[in-house]
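A.B. asks: Quick one: this structure, given as structure tokens, is what I'll be asking you about.
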Amino acid sequence: MQAISNTTQTKQSTAPKTYRPDFVFVVQLHSGKFVIGQANNPSKRIAAINSGLNPSVKGTLQINNIVGIKEQTEQRSLISVVNMFVNKYGVDNVITV
Amino acid sequence: MNFTYSERKTFFNDQSVLVPSEHEISFDAYLIDSDFLVRPNRYGEFIAQYQPLDMGAMHMLYEAGERALSEVLMSMGSDSMKEPRPNYEKRDGSLFTSQLFAPKLNIDPDDTDGPFFQPSPQVSVRANFHDREDGMIYLHAQYIDFYEKTPLPDLGRPERECDIDF
């Protein structure tokens, strides 16, 4: 006779979570700082930042220009883009949202 | 049985139903791609891509788009071969206008010191939704008014903004 505990065993997945939003975006504020983020709908996210709905960017209509919206790949991820901008412009000029 | 597009039109009397004046909208946006705004691409299309300025503009645009889509859906007859679907949104959520006529601009697009050559200039767009006989819904830009050039922030580096790549 099989023990009841054997029938109720569940297998826990040990694979790491691989969720990654599709796009990474970079915008520049009027102050010169770069805002970098990742999202599945970056257009909506940028509109929300420009509406003042993100606590990291105070005030509305702060975006000066949109540097780019690109797909995330193995080579281009949020971490690599942030790293690139921090190395180039300094940690004080980069905001990650 | 496969029909070509022109043959299909003769069998079914599907027509455009959206009246431009009833589906006009104006919104503020950043112009993020204007490669084919002044001169058409090889298919004769004038295309521009926009990032809506704020959430208000974004909601207004998508609501107007939904309204146009539902009007096309409701006007379909029982024998209609239309497949109404929007063709004004990119996968990243930004919008684009595509049309066979050039939109009117308030600036000289050849002036290299003007706002047209600024990275992602701010524009005010007057546009309308248009449906094709097969149900595809497009956004057509009528007027694109460029705002004054925004001074770029000084990065303390010799390179220009458009040189930034990632």
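In the structure tokens, chains take letters A, B, ... by order of appearance, with residues numbered from 1 within each chain and ligands from 1 in the order shown.
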Enumerate the residues of chain B with a DSSP assignment of strand (DSSP E or B), computed from the backbone, and present them as a PyMOL selection string.
C.D. replies: chain B and resi 24-36+46-52+85-86+89+95-99+104-105+122-131+136-146
A.B. asks: Please identify which residues in range 19-67 of chain B DSSP calls alpha helix (DSSP H) from the backbone, and express them as a list in words.
C.D. replies: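 Answer for range 19-67 of chain B, restricted to alpha helix (DSSP H): Met55, Gly56, Ala57, Met58, His59, Met60, Leu61, Tyr62, Glu63, Ala64, Gly65, Glu66 and Arg67 of chain B.
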A.B. asks: Using only C-alpha atoms, find which residues of chain B lie within 7 Å of chain A and jot them down as a list in words.
C.D. replies: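 Going by the stated atoms only, the list reads Gln51, Pro52, Leu53, Asp54, Met55, Asp92, Gly93, Ser94, Pro119, Ser120, Pro153, Asp154, Leu155 and Phe166 of chain B.
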A.B. asks: Kindly give the distance, in Å, that separates CA of Met60 in chain B and CA of Ile137 in chain B, rounded to a single decimal.
C.D. replies: 16.6 Å
A.B. asks: Counting only C-alpha atoms, what is within 10 Å of Tyr138 in chain B, bar same-chain residues fewer than 2 positions away, as a PyMOL selection string?
C.D. replies: chain B and resi 65+68+85-89+96-99+128-132+135-136+140-141
A.B. asks: Please dump the current selection as a compact mmCIF listing (two decimals), in the first residue's frame; keep N, CA and C atoms.
C.D. replies:
```
# COMPACT_ATOMS: atom_id res chain seq x y z
N GLY B 65 -9.89 55.98 -31.59
CA GLY B 65 -9.63 54.81 -32.43
C GLY B 65 -10.64 53.70 -32.20
N ALA B 68 -13.92 54.64 -33.81
CA ALA B 68 -13.89 54.43 -35.26
C ALA B 68 -14.05 52.93 -35.57
N ARG B 85 -9.78 46.12 -38.27
CA ARG B 85 -8.69 46.06 -37.31
C ARG B 85 -7.88 47.36 -37.41
N PRO B 86 -7.34 47.82 -36.30
CA PRO B 86 -6.60 49.08 -36.33
C PRO B 86 -5.22 48.91 -36.94
N ASN B 87 -4.81 49.88 -37.71
CA ASN B 87 -3.47 49.87 -38.27
C ASN B 87 -2.82 51.22 -38.04
N TYR B 88 -2.81 51.65 -36.78
CA TYR B 88 -2.18 52.92 -36.45
C TYR B 88 -1.32 52.81 -35.20
N GLU B 89 -1.17 51.60 -34.68
CA GLU B 89 -0.40 51.41 -33.45
C GLU B 89 0.74 50.44 -33.68
N PHE B 96 1.35 55.69 -35.43
CA PHE B 96 1.88 56.18 -36.70
C PHE B 96 0.75 56.57 -37.64
N THR B 97 1.05 57.55 -38.48
CA THR B 97 0.10 57.95 -39.52
C THR B 97 0.67 57.46 -40.85
N SER B 98 -0.19 56.93 -41.70
CA SER B 98 0.26 56.53 -43.03
C SER B 98 -0.83 56.91 -44.03
N GLN B 99 -0.40 57.52 -45.11
CA GLN B 99 -1.35 58.06 -46.07
C GLN B 99 -0.68 58.22 -47.43
N ASN B 128 -7.23 62.34 -38.85
CA ASN B 128 -8.54 61.69 -38.86
C ASN B 128 -8.38 60.20 -39.15
N PHE B 129 -9.34 59.43 -38.69
CA PHE B 129 -9.32 57.99 -38.94
C PHE B 129 -9.99 57.71 -40.28
N HIS B 130 -9.44 56.75 -40.98
CA HIS B 130 -9.98 56.39 -42.29
C HIS B 130 -9.99 54.87 -42.40
N ASP B 131 -11.09 54.33 -42.92
CA ASP B 131 -11.14 52.86 -43.08
C ASP B 131 -11.09 52.48 -44.55
N ARG B 132 -10.42 51.41 -44.82
CA ARG B 132 -10.33 50.91 -46.19
C ARG B 132 -11.49 49.95 -46.44
N GLY B 135 -11.64 46.93 -44.30
CA GLY B 135 -11.85 47.11 -42.87
C GLY B 135 -10.66 47.64 -42.10
N MET B 136 -9.50 47.68 -42.73
CA MET B 136 -8.31 48.19 -42.05
C MET B 136 -8.46 49.68 -41.76
N HIS B 140 -4.78 59.29 -40.63
CA HIS B 140 -4.23 60.19 -41.62
C HIS B 140 -3.94 61.55 -40.99
N ALA B 141 -2.72 62.03 -41.17
CA ALA B 141 -2.37 63.36 -40.64
C ALA B 141 -2.72 64.41 -41.68
```
A.B. asks: Any idea what's packed within 8 Å of Thr150 in chain B, counting only C-alpha atoms, ignoring anything in its chain fewer than 2 positions away? Could you give it as a PyMOL selection string?
C.D. replies: (chain A and resi 64) or (chain B and resi 121+148+152)
A.B. asks: Excluding range 74-81 of chain B and any residue of its chain fewer than 3 positions from it, enumerate the residues within 9 Å of it, using only C-alpha atoms, and give them as number ranges by chain.
C.D. replies: B: 8, 12-14, 17, 69-71, 134-135
A.B. asks: Take the residues that were just selected and, keeping C-alpha atoms, output them as a tab-separated table (two decimals), in the first residue's frame.
C.D. replies:
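Listing of out_14.tsv after writing:
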```
chain	number	residue	atom	x	y	z
B	8	ARG	CA	-13.22	40.56	-54.10
B	12	PHE	CA	-18.99	42.30	-52.19
B	13	ASN	CA	-20.07	45.91	-51.95
B	14	ASP	CA	-17.91	46.82	-48.98
B	17	VAL	CA	-17.88	54.21	-43.92
B	69	LEU	CA	-13.42	50.67	-35.02
B	70	SER	CA	-16.82	50.12	-33.41
B	71	GLU	CA	-18.51	52.28	-36.05
B	134	ASP	CA	-11.34	45.59	-46.32
B	135	GLY	CA	-11.85	47.11	-42.87
```
